[in-house]
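Undergrad: If it helps, the file is called query.cif and holds mmCIF, C-alpha atoms:
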data_input
loop_
_atom_site.label_atom_id
_atom_site.label_comp_id
_atom_site.auth_asym_id
_atom_site.auth_seq_id
_atom_site.Cartn_x
_atom_site.Cartn_y
_atom_site.Cartn_z
CA MET A 1 65.32 -51.82 62.33
CA ARG A 2 65.25 -51.38 58.65
CA LYS A 3 66.46 -48.06 57.43
CA ALA A 4 64.06 -45.68 55.80
CA LEU A 5 63.29 -46.56 52.23
CA ILE A 6 63.93 -43.05 51.28
CA SER A 7 67.55 -43.31 52.29
CA GLN A 8 68.61 -45.70 49.66
CA PRO A 9 72.13 -46.89 49.20
CA THR A 10 74.21 -44.69 47.01
CA GLU A 11 74.39 -46.14 43.57
CA PRO A 12 75.90 -44.60 40.50
CA ASP A 13 73.45 -44.01 37.67
CA VAL A 14 74.95 -46.61 35.47
CA GLU A 15 77.93 -48.73 36.11
CA VAL A 16 79.74 -50.23 33.19
CA ARG A 17 82.42 -52.66 34.22
CA ASP A 18 85.10 -54.44 32.26
CA GLY A 19 84.92 -52.24 29.25
CA HIS A 20 82.97 -53.14 26.16
CA HIS A 21 82.31 -56.84 26.45
CA ASP A 22 80.27 -56.87 29.63
CA VAL A 23 77.57 -54.37 28.91
CA PRO A 24 74.19 -55.76 29.89
CA ALA A 25 71.61 -56.01 27.15
CA GLY A 26 69.42 -52.98 26.89
CA ILE A 27 71.72 -50.64 28.70
CA PHE A 28 72.19 -48.31 25.77
CA GLU A 29 68.46 -48.02 25.33
CA ALA A 30 68.23 -47.23 29.01
CA LEU A 31 70.86 -44.57 28.70
CA LYS A 32 69.06 -43.00 25.79
CA ARG A 33 65.88 -42.89 27.82
CA ARG A 34 67.51 -40.79 30.46
CA ARG A 35 66.43 -37.44 29.26
CA ALA A 36 68.46 -34.34 29.78
CA ALA A 37 67.20 -32.21 32.62
CA PRO A 38 65.37 -29.14 31.33
CA ALA A 39 66.88 -25.70 31.74
CA SER A 40 65.65 -24.23 34.97
CA LYS A 41 66.22 -21.44 37.45
CA LEU A 42 65.83 -21.00 41.18
CA VAL A 43 63.99 -18.17 42.90
CA SER A 44 67.31 -16.54 43.64
CA ASP A 45 68.01 -16.34 39.88
CA PHE A 46 65.06 -14.01 39.35
CA GLU A 47 65.75 -10.33 39.90
CA GLY A 48 62.30 -9.64 41.24
CA GLY A 49 62.24 -12.77 43.39
CA VAL A 50 58.87 -14.46 43.80
CA SER A 51 57.00 -11.62 42.07
CA ASP A 52 58.64 -12.68 38.80
CA LEU A 53 57.14 -16.12 39.20
CA ILE A 54 53.51 -15.17 39.49
CA GLN A 55 51.11 -15.00 36.57
CA SER A 56 49.88 -11.48 36.04
CA ALA A 57 46.75 -12.39 34.11
CA ASP A 58 44.51 -13.45 36.95
CA GLU A 59 44.46 -10.37 39.12
CA ALA A 60 40.67 -10.26 38.84
CA SER A 61 40.24 -13.42 40.84
CA GLY A 62 42.66 -12.26 43.48
CA THR A 63 44.70 -15.43 43.23
CA SER A 64 48.27 -15.49 42.04
CA ARG A 65 49.37 -18.65 40.31
CA ASN A 66 52.71 -20.02 39.25
CA LYS A 67 53.78 -18.71 35.85
CA HIS A 68 56.34 -21.46 35.22
CA ASP A 69 56.34 -25.21 35.39
CA LEU A 70 57.81 -26.27 38.73
CA LEU A 71 60.71 -28.73 38.55
CA CYS A 72 62.90 -30.70 40.90
CA PRO A 73 65.68 -28.30 41.94
CA ARG A 74 68.39 -30.91 41.59
CA ALA A 75 70.15 -29.79 38.44
CA LYS A 76 70.63 -33.22 36.91
CA CYS A 77 67.08 -34.35 37.70
CA GLY A 78 64.64 -31.60 36.80
CA SER A 79 61.58 -33.84 37.06
CA LEU A 80 58.34 -31.97 36.30
CA ILE A 81 56.49 -31.53 39.58
CA LEU A 82 53.66 -29.12 38.80
CA ARG A 83 52.31 -27.50 35.66
CA ALA A 84 52.18 -23.73 35.38
CA GLY A 85 48.97 -22.25 36.74
CA VAL A 86 48.11 -25.08 39.13
CA GLY A 87 49.72 -23.71 42.30
CA LYS A 88 48.47 -20.68 44.19
CA TRP A 89 51.02 -18.33 45.68
CA VAL A 90 50.61 -17.86 49.43
CA GLU A 91 52.77 -16.22 52.05
CA ARG A 92 52.27 -18.03 55.33
CA ALA A 93 54.22 -19.15 58.35
CA SER A 94 57.30 -21.18 57.66
CA VAL A 95 57.24 -24.82 58.66
CA GLN A 96 59.90 -26.95 60.26
CA MET A 97 60.26 -29.66 57.60
CA GLU A 98 63.64 -31.12 58.45
CA PRO A 99 63.47 -33.88 61.01
CA LEU A 100 66.04 -33.44 63.76
CA GLY A 101 67.47 -30.35 62.15
CA THR A 102 68.97 -32.15 59.16
CA GLN A 103 69.40 -30.04 56.10
CA SER A 104 70.12 -31.06 52.55
CA PRO A 105 72.92 -29.05 50.97
CA ASP A 106 70.89 -28.99 47.76
CA LEU A 107 67.96 -27.17 49.30
CA ALA A 108 67.49 -23.62 50.51
CA ALA A 109 67.04 -23.13 54.23
CA LEU A 110 63.60 -21.91 55.23
CA PRO A 111 62.98 -19.16 57.78
CA THR A 112 62.39 -20.31 61.34
CA PRO A 113 58.70 -20.40 62.26
CA PRO A 114 56.77 -18.22 63.03
CA GLU A 115 58.55 -16.16 60.39
CA THR A 116 56.78 -16.38 57.07
CA ALA A 117 57.87 -18.09 53.88
CA GLN A 118 56.60 -18.15 50.29
CA TRP A 119 54.63 -21.18 49.21
CA TRP A 120 52.82 -22.70 46.28
CA LEU A 121 49.54 -24.13 47.55
CA ILE A 122 48.06 -27.05 45.64
CA THR A 123 44.54 -28.34 46.34
CA PRO A 124 42.56 -30.55 46.69
CA SER A 125 44.24 -33.79 45.57
CA PRO A 126 47.74 -35.17 45.13
CA MET A 127 46.67 -35.95 41.58
CA GLU A 128 47.02 -32.27 40.77
CA PHE A 129 50.74 -32.87 40.64
CA GLU A 130 52.52 -34.23 37.59
CA ASN A 131 55.14 -36.13 39.56
CA VAL A 132 55.58 -36.07 43.31
CA GLY A 133 56.36 -38.34 46.22
CA PHE A 134 54.76 -38.33 49.67
CA THR A 135 56.50 -39.71 52.71
CA ARG A 136 54.65 -41.46 55.49
CA PRO A 137 53.73 -39.09 58.31
CA VAL A 138 56.79 -37.99 60.24
CA GLN A 139 56.36 -38.69 63.94
CA SER A 140 58.47 -35.80 65.12
CA LEU A 141 56.96 -33.09 62.92
CA THR A 142 53.60 -31.45 63.35
CA GLU A 143 51.85 -28.40 62.00
CA LEU A 144 48.73 -27.04 63.67
CA GLY A 145 48.60 -30.13 65.82
CA ARG A 146 48.68 -32.74 63.09
CA LYS A 147 51.52 -34.86 61.82
CA ILE A 148 52.86 -33.88 58.45
CA LYS A 149 53.92 -35.78 55.39
CA LEU A 150 56.83 -34.46 53.38
CA LEU A 151 56.75 -33.89 49.65
CA THR A 152 59.67 -35.20 47.61
CA CYS A 153 60.78 -35.41 44.02
CA ALA A 154 59.14 -38.54 42.59
CA GLU A 155 62.12 -39.36 40.43
CA CYS A 156 65.14 -38.73 42.64
CA ASP A 157 63.68 -38.52 46.15
CA LEU A 158 65.18 -35.11 46.88
CA GLY A 159 63.32 -33.42 49.69
CA PRO A 160 61.63 -32.13 51.66
CA LEU A 161 60.30 -29.81 48.96
CA GLY A 162 57.09 -29.21 50.84
CA TRP A 163 54.58 -30.70 53.22
CA SER A 164 50.97 -31.55 53.84
CA GLN A 165 49.01 -32.41 56.94
CA GLU A 166 48.18 -36.04 57.37
CA GLY A 167 44.72 -36.46 55.90
CA GLY A 168 44.72 -32.93 54.56
CA THR A 169 43.72 -31.57 51.18
CA GLU A 170 46.27 -28.75 51.04
CA PHE A 171 49.73 -29.43 49.68
CA TRP A 172 52.45 -26.85 50.15
CA LEU A 173 55.61 -26.53 48.05
CA ALA A 174 58.25 -24.09 49.26
CA CYS A 175 58.89 -21.52 46.51
CA SER A 176 62.58 -21.62 47.34
CA ARG A 177 62.80 -25.39 47.06
CA VAL A 178 61.61 -25.92 43.53
CA ALA A 179 63.13 -24.86 40.22
CA TYR A 180 61.33 -22.92 37.50
CA ARG A 181 61.41 -24.03 33.88
CA SER A 182 63.10 -21.33 31.82
CA MET B 183 34.84 -42.11 35.21
CA SER B 184 35.81 -44.17 32.22
CA PRO B 185 39.26 -44.42 30.76
CA ALA B 186 37.91 -42.80 27.62
CA THR B 187 37.98 -39.32 29.06
CA THR B 188 38.99 -36.32 27.03
CA SER B 189 42.60 -36.09 26.05
CA THR B 190 43.22 -33.20 28.41
CA GLN B 191 41.94 -35.02 31.47
CA PRO B 192 44.40 -37.66 32.58
CA VAL B 193 43.17 -41.06 33.63
CA ASN B 194 44.01 -41.87 37.24
CA VAL B 195 45.31 -45.35 37.94
CA LYS B 196 46.23 -46.84 41.30
CA LEU B 197 49.06 -49.38 41.39
CA LEU B 198 50.55 -51.20 44.34
CA LEU B 199 54.06 -52.55 44.76
CA ILE B 200 54.33 -55.69 46.82
CA GLY B 201 57.03 -58.26 47.47
CA ASN B 202 59.64 -59.09 50.06
CA SER B 203 61.88 -56.48 51.64
CA SER B 204 64.98 -55.37 49.77
CA VAL B 205 63.91 -56.54 46.35
CA GLY B 206 64.06 -52.96 45.09
CA LYS B 207 60.40 -52.01 45.02
CA SER B 208 61.02 -48.39 45.79
CA SER B 209 63.98 -48.11 43.45
CA LEU B 210 61.83 -49.13 40.52
CA LEU B 211 60.47 -45.64 40.51
CA LEU B 212 63.65 -43.70 40.88
CA ARG B 213 65.93 -42.57 38.12
CA PHE B 214 68.61 -42.15 40.73
CA SER B 215 68.83 -41.64 44.43
CA ASP B 216 71.98 -40.44 46.02
CA GLU B 217 70.32 -38.15 48.48
CA GLN B 218 70.10 -39.21 52.07
CA TRP B 219 68.13 -36.49 53.63
CA LEU B 220 66.32 -38.43 56.28
CA PRO B 221 68.45 -39.75 59.08
CA GLU B 222 68.36 -43.50 59.25
CA ASP B 223 67.27 -43.64 62.84
CA GLU B 224 64.28 -41.41 62.32
CA SER B 225 61.48 -43.77 63.12
CA SER B 226 62.32 -45.83 60.11
CA ALA B 227 59.16 -47.85 59.97
CA THR B 228 57.11 -44.73 59.58
CA ILE B 229 59.18 -42.65 57.19
CA GLY B 230 59.81 -43.74 53.68
CA VAL B 231 57.84 -42.95 50.62
CA ASP B 232 54.17 -43.69 51.03
CA PHE B 233 53.17 -43.14 47.44
CA ARG B 234 54.25 -41.35 44.35
CA VAL B 235 52.33 -39.68 41.57
CA HIS B 236 53.80 -40.26 38.13
CA LYS B 237 52.45 -38.95 34.89
CA MET B 238 52.97 -40.97 31.74
CA ASP B 239 51.58 -41.41 28.25
CA VAL B 240 50.13 -44.78 27.37
CA LYS B 241 48.61 -45.43 23.96
CA GLY B 242 48.30 -41.72 23.40
CA LYS B 243 46.42 -41.19 26.65
CA LYS B 244 47.67 -39.19 29.57
CA VAL B 245 47.73 -41.36 32.65
CA LYS B 246 48.46 -40.32 36.20
CA LEU B 247 49.65 -43.22 38.23
CA SER B 248 49.54 -43.24 41.97
CA ILE B 249 51.99 -45.91 42.98
CA TRP B 250 51.89 -47.11 46.54
CA ASP B 251 54.77 -48.59 48.37
CA THR B 252 54.58 -50.70 51.48
CA ALA B 253 57.34 -48.75 53.25
CA GLY B 254 58.62 -51.84 54.96
CA GLN B 255 55.35 -53.08 56.42
CA GLU B 256 55.88 -56.33 54.53
CA ARG B 257 58.57 -57.11 57.04
CA PHE B 258 55.99 -57.41 59.70
CA ARG B 259 53.25 -58.84 57.53
CA THR B 260 51.01 -56.00 58.52
CA ILE B 261 49.76 -54.92 55.16
CA THR B 262 46.10 -54.29 55.68
CA SER B 263 43.15 -54.56 53.42
CA SER B 264 42.98 -50.78 53.20
CA TYR B 265 46.29 -50.83 51.37
CA TYR B 266 44.75 -52.92 48.62
CA ARG B 267 41.53 -51.00 48.36
CA GLY B 268 40.90 -49.40 44.99
CA ALA B 269 43.97 -50.85 43.30
CA GLN B 270 43.65 -51.58 39.62
CA GLY B 271 47.09 -53.04 39.17
CA ILE B 272 49.54 -54.97 41.34
CA ILE B 273 53.27 -55.11 40.76
CA LEU B 274 54.79 -58.15 42.45
CA VAL B 275 58.52 -57.75 42.75
CA TYR B 276 61.24 -60.29 43.49
CA ASP B 277 65.00 -60.13 43.20
CA VAL B 278 66.44 -62.44 40.50
CA ALA B 279 69.55 -62.83 42.66
CA ASN B 280 67.55 -63.84 45.73
CA ARG B 281 65.79 -67.17 45.49
CA GLU B 282 63.93 -66.64 48.74
CA SER B 283 62.17 -63.57 47.39
CA PHE B 284 60.92 -65.66 44.46
CA GLU B 285 59.76 -68.48 46.68
CA ALA B 286 57.77 -66.04 48.79
CA LEU B 287 55.59 -65.20 45.79
CA PRO B 288 52.90 -67.84 46.38
CA ARG B 289 52.23 -66.24 49.75
CA TRP B 290 51.84 -62.85 48.09
CA TYR B 291 49.50 -64.30 45.52
CA SER B 292 47.34 -65.91 48.16
CA GLU B 293 47.09 -62.56 49.88
CA LEU B 294 45.93 -61.07 46.61
CA GLU B 295 43.27 -63.73 46.33
CA THR B 296 41.95 -62.56 49.67
CA TYR B 297 42.01 -58.86 49.04
CA VAL B 298 41.63 -58.03 45.37
CA SER B 299 39.25 -58.94 42.59
CA SER B 300 40.57 -61.40 40.03
CA SER B 301 40.23 -58.77 37.31
CA VAL B 302 42.94 -56.62 38.87
CA VAL B 303 45.97 -56.64 36.59
CA LYS B 304 49.07 -58.33 37.96
CA ILE B 305 52.62 -58.18 36.73
CA LEU B 306 55.51 -60.20 38.07
CA VAL B 307 58.74 -58.23 38.01
CA GLY B 308 62.12 -59.89 38.37
CA ASN B 309 64.27 -56.99 39.47
CA LYS B 310 68.05 -56.51 39.70
CA VAL B 311 68.98 -58.17 36.39
CA ASP B 312 72.10 -56.01 36.56
CA LYS B 313 73.26 -58.69 39.01
CA GLU B 314 73.19 -61.34 36.28
CA PHE B 315 76.37 -62.92 37.61
CA SER B 316 74.61 -63.91 40.83
CA ARG B 317 71.24 -64.82 39.36
CA GLN B 318 69.35 -67.47 41.31
CA VAL B 319 66.05 -67.46 39.43
CA PRO B 320 66.13 -68.47 35.76
CA THR B 321 64.04 -66.31 33.45
CA ALA B 322 62.20 -69.29 31.99
CA GLU B 323 61.13 -70.55 35.39
CA ALA B 324 59.75 -67.19 36.44
CA GLU B 325 58.03 -66.73 33.11
CA LYS B 326 56.27 -70.06 33.51
CA PHE B 327 55.22 -69.21 37.05
CA ALA B 328 53.84 -65.84 35.95
CA ALA B 329 51.79 -67.49 33.21
CA ARG B 330 50.35 -69.93 35.72
CA MET B 331 49.37 -67.02 37.95
CA SER B 332 47.76 -65.12 35.05
CA SER B 333 50.30 -62.37 35.41
CA LEU B 334 52.33 -60.35 32.99
CA PHE B 335 56.06 -60.84 33.36
CA VAL B 336 59.10 -58.67 32.88
CA GLU B 337 62.66 -58.56 34.14
CA THR B 338 64.02 -55.19 35.13
CA SER B 339 66.93 -53.39 36.57
CA ALA B 340 66.04 -50.39 38.64
CA LYS B 341 69.73 -49.59 38.60
CA THR B 342 70.10 -49.32 34.85
CA SER B 343 66.36 -48.74 34.28
CA VAL B 344 66.20 -51.68 31.87
CA GLY B 345 62.60 -52.82 31.51
CA VAL B 346 61.24 -50.47 34.14
CA LYS B 347 59.20 -48.24 31.89
CA GLU B 348 57.92 -51.29 30.01
CA ALA B 349 56.74 -52.84 33.26
CA PHE B 350 54.58 -49.87 34.14
CA THR B 351 53.38 -49.38 30.58
CA GLU B 352 52.28 -53.00 30.25
CA VAL B 353 50.28 -52.90 33.44
CA VAL B 354 48.56 -49.67 32.54
CA GLU B 355 47.77 -50.85 29.02
CA GLN B 356 46.11 -53.95 30.34
CA ILE B 357 44.18 -51.94 32.92
CA MET B 358 42.90 -49.71 30.13
CA ASP B 359 41.85 -52.84 28.25
CA THR B 360 39.92 -54.21 31.24
CA PRO B 361 36.64 -52.29 31.40
CA GLU B 362 35.42 -53.93 34.56
CA LEU B 363 38.21 -52.21 36.45
CA TRP B 364 36.47 -48.99 35.59
CA GLU B 365 32.89 -50.02 36.28
CA ASN B 366 30.81 -49.69 39.45
CA THR B 367 31.91 -46.14 39.91
CA SER B 368 28.50 -44.56 40.42
CA ALA B 369 28.10 -45.56 44.04
CA ARG B 370 31.36 -43.89 44.97
CA GLY B 371 30.79 -40.84 42.87
CA GLN B 372 33.28 -38.49 41.35
CA GLY B 373 34.33 -37.21 44.72
CA THR B 374 36.74 -40.03 45.28
CA ALA B 375 38.80 -38.93 42.34
CA HIS B 376 39.95 -36.03 44.43
CA GLY B 377 41.52 -36.16 47.80
CA ASN B 378 41.78 -39.91 47.78
CA GLY B 379 45.06 -40.50 46.10
CA GLY B 380 43.62 -40.81 42.66
CA VAL B 381 41.36 -43.74 43.00
CA PRO B 382 38.68 -42.74 40.56
CA GLY B 383 36.08 -45.36 41.03
CA GLY B 384 38.61 -48.07 41.44
CA VAL B 385 37.20 -51.50 42.08
CA GLN B 386 35.75 -51.90 45.50
CA VAL B 387 37.82 -54.96 46.13
CA VAL B 388 36.84 -55.64 49.68
CA GLY B 389 34.19 -54.48 52.04
CA LEU B 390 35.13 -51.75 54.43
CA MET B 391 37.36 -53.29 57.01
CA ASP B 392 38.08 -52.08 60.46
CA GLU B 393 41.81 -51.72 60.12
CA GLN B 394 41.58 -48.28 58.67
CA LYS B 395 42.16 -45.82 61.42
CA PRO B 396 40.91 -42.27 61.34
CA GLY B 397 43.36 -40.13 59.47
CA GLU B 398 44.43 -42.94 57.20
CA GLY B 399 41.42 -42.63 55.03
CA CYS B 400 43.03 -40.19 52.71
CA ALA B 401 46.06 -40.43 50.55
CA CYS B 402 47.48 -37.23 51.74
#
Translate this structure into C-alpha cells?
TA:
Amino acid sequence: MRKALISQPTEPDVEVRDGHHDVPAGIFEALKRRRAAPASKLVSDFEGGVSDLIQSADEASGTSRNKHDLLCPRAKCGSLILRAGVGKWVERASVQMEPLGTQSPDLAALPTPPETAQWWLITPSPMEFENVGFTRPVQSLTELGRKIKLLTCAECDLGPLGWSQEGGTEFWLACSRVAYRS
Amino acid sequence: MSPATTSTQPVNVKLLLIGNSSVGKSSLLLRFSDEQWLPEDESSATIGVDFRVHKMDVKGKKVKLSIWDTAGQERFRTITSSYYRGAQGIILVYDVANRESFEALPRWYSELETYVSSSVVKILVGNKVDKEFSRQVPTAEAEKFAARMSSLFVETSAKTSVGVKEAFTEVVEQIMDTPELWENTSARGQGTAHGNGGVPGGVQVVGLMDEQKPGEGCAC
C-alpha cells in the first residue's frame, strides 16, 4: 500500500551539490522567491491568552472575531491561513484530531474531550481561507457521528491544525495550533 | 460570476492535478515538507491531502485556487467523473526522470477527452528537473507533445521550486483569458461558490453521474 501523500519523504529545502559549478539553472531565483516567514506569536506568548486575540470592536453583534492574521505555527513557514476578522471565536468541546494518538512536537496538545478548547470557526466555505489544505476523511476519527477531515498548512503540510466534518460547512481551527501575525 | 469581479473579491478557480503515482503532484504545492504527522499505515488510500486552497495574484487580480489532488486513486484507476466536475484547469504531471510516466500521458489525455470540455486549460508539467542527471524525457520531445495536445508546457522542480509558480500562473492566466470557462453560470447560481470547494459556475463538464456518493458532494 502506498504511503499517505501527506507523509512525504524528507527532503532538504534546497540541495546544492559539488559547490559552484553544478547549480541548476533558476535555483537562485527560486531561493529569492522563498520569502522570510513573517514575525508571529503563539497563544502562549500573549499575556491575556485568547482574550488578547479577539477583536473588541464587534461586541454589538455578539460575535468575537480574530484580531490578527492567522499563520502556520511552524516558525520557518508562516504561511497565511486566515485573514483577520474572518474567524469567529468559539469555546466548544475539544476534538480528538490525532489519529492513533500521534502528536506532532510542533503542535500544542489539545484537552481531552469532552473538555473544552478554544477554536476559530470559519464558515461556510473553504474558500474563506487564504491558504489551507484538507485531508481526505480520516476513517478512525469522527465527531458527532461523522468522519472528519483534518486541516493542514497548505504550504508545508503541518497539521492537524483543525478539522471539519465530512460534507460540513463549518471549519474549525484550534486557537492553540495557529500563530498570530505580530 | 465573471472573472472581472471587484478587486476585493477574489476569483475562484478550480484546478486538478493528474498523472501517474510518484511524479510529485502533491509536492508541487509545498514549499517544504519534513513533517510526518500521519502514520504511514493509517488507511493510506484515504488519508492524504484532498485539496488545498491557495491565494495568488495573477495580472493584478486576486485569485483563490482550489487545487485537487488524486490522493493515490490514480493507482487504481478509480478517478471518477465527479473529480473532474467544475474544473477549469488541468495540470498533467510526469517525472522527467521516469519515461513511463511520460508514456502514460496519452491515457490521461484520453480520459480528459471523456470528462472535460475542450476549452478547459491544460498544462503539461515535467517535474523533478533537479534530477537532470537521470533525465529520460528530453525537453524538446515533451514540448512537441504538449503542443500537439494543445497544452501549455513547463518543466519544474518541486524540490527547488523552479518553474512551479510559473506553472500555476500560466494556467490561471489562460483560464482568465477563456471566457467560456466562466459562462453558463446562471443555472447553477451563486450558491455553488460557497460550500462547494470554490467552483463558482465552473463548466458543467459532464452530466451528473452516479459515482458521487452522498457526503462526497461537497468539498469539505
Undergrad: What does the distance from atom CA of Cys153 of chain A to atom CA of Leu121 of chain A come to in Å, to one decimal?
TA: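 Distance between the two atoms: 16.3 Å.
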Undergrad: I'd like to know which of B:Val205, B:Leu210, B:Val354, B:Ala279 is closest to Phe315 of chain B, using all atoms listed in the file.
TA: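 Looking only at the distances to Phe315 of chain B, the closest residue turns out to be B:Ala279.
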Undergrad: When the PyMOL selection byres ((chain B and resi 193) around 6) is applied to the file above, which residues end up in the set, as a PyMOL selection string?
TA: chain B and resi 185+192+194+245-246
Undergrad: Just checking: using only C-alpha atoms, which residue out of A:Ala93, A:Leu110, A:Ala37, A:Ala117 ends up closest to chain B?
TA: A:Ala37
Undergrad: Nearest to chain B among A:Glu91, A:Ile81, A:Gly145, A:Ala109, with distances taken over only C-alpha atoms: which residue is it?
TA: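 Under the stated criterion, the closest residue is A:Ile81.
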Undergrad: Is it possible to get the residues within 12 Å of (50.1, -31.4, 61.6) (coordinates as in the file, counting all atoms listed in the file) written as a list in words?
TA: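 Residues lying no farther than 12 Å from the given point: Val95, Gln96, Met97, Pro137, Val138, Gln139, Ser140, Leu141, Thr142, Glu143, Leu144, Gly145, Arg146, Lys147, Ile148, Lys149, Leu150, Trp163, Ser164, Gln165, Glu166, Gly167, Gly168 and Glu170 of chain A; Gly397 and Cys402 of chain B.
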Undergrad: For Phe350 of chain B, please output as a PyMOL selection string all residues within 12 Å (counting all atoms listed in the file; exclusion window: fewer than 5 positions along the same chain).
TA: chain B and resi 195-199+210-211+236-240+245-249+271-274+303-307+334-338+343-345+355-357
Undergrad: Can you translate the PyMOL selection byres ((chain A and resi 116) around 8) into the concrete residues it hits in this file, as a list in words?
TA: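 With the PyMOL selection byres ((chain A and resi 116) around 8) on this model, the match is Glu91, Arg92, Ala93, Ser94, Pro111, Pro113, Pro114, Glu115, Ala117 and Gln118 of chain A.
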Undergrad: Quick one: apply the PyMOL selection byres ((chain A and resi 73) around 7) to the file and drop the selected residues here as number ranges by chain.
TA: A: 71-72, 74-75, 78, 177-179
Undergrad: Here is a test: counting only C-alpha atoms, which residue of A:Cys77, A:Arg181, A:Ile122, A:Trp172 is nearest to chain B?
TA: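 Answer, going by the shortest atom-to-atom distance: A:Cys77.
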Undergrad: What is the atom CA of Leu158 of chain A-atom CA of Tyr180 of chain A distance in Å, reported with one decimal?
TA: 15.9 Å
Undergrad: Using all atoms listed in the file, list the residues that have an atom at most 12 Å from (49.0, -17.5, 35.1), coordinates as in the file, as a list in words.
TA: Asp52, Leu53, Ile54, Gln55, Ser56, Ala57, Asp58, Glu59, Ala60, Ser61, Gly62, Thr63, Ser64, Arg65, Asn66, Lys67, His68, Asp69, Arg83, Ala84, Gly85, Val86, Gly87, Lys88 and Trp89 of chain A
Undergrad: When you count all atoms listed in the file, which of these residues is closest to chain A: B:Arg234, B:Arg330, B:Lys207, B:Lys310?
TA: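 Of B:Arg234, B:Arg330, B:Lys207, B:Lys310, the one nearest chain A, counting all atoms listed in the file, is B:Arg234.
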Undergrad: Find the residues around Glu323 of chain B up to 12 Å (only C-alpha atoms counted), leave out those fewer than 6 positions away in its own chain, and share them as a list of chain:residue names.
TA: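 The contact residues come out as B:Val278, B:Arg281, B:Phe284, B:Glu285, B:Gly308, B:Ala329, B:Arg330, B:Phe335.
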Undergrad: Looking at only C-alpha atoms, which of B:Ser209, B:Thr321, B:Gln270, B:Thr296 is the one that sits closest to chain A?
TA: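 Distance minimum relative to chain A lands on B:Ser209.
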Undergrad: In Å, how far is it from atom CA of Tyr291 of chain B to atom CA of Phe134 of chain A?
TA: 26.8 Å
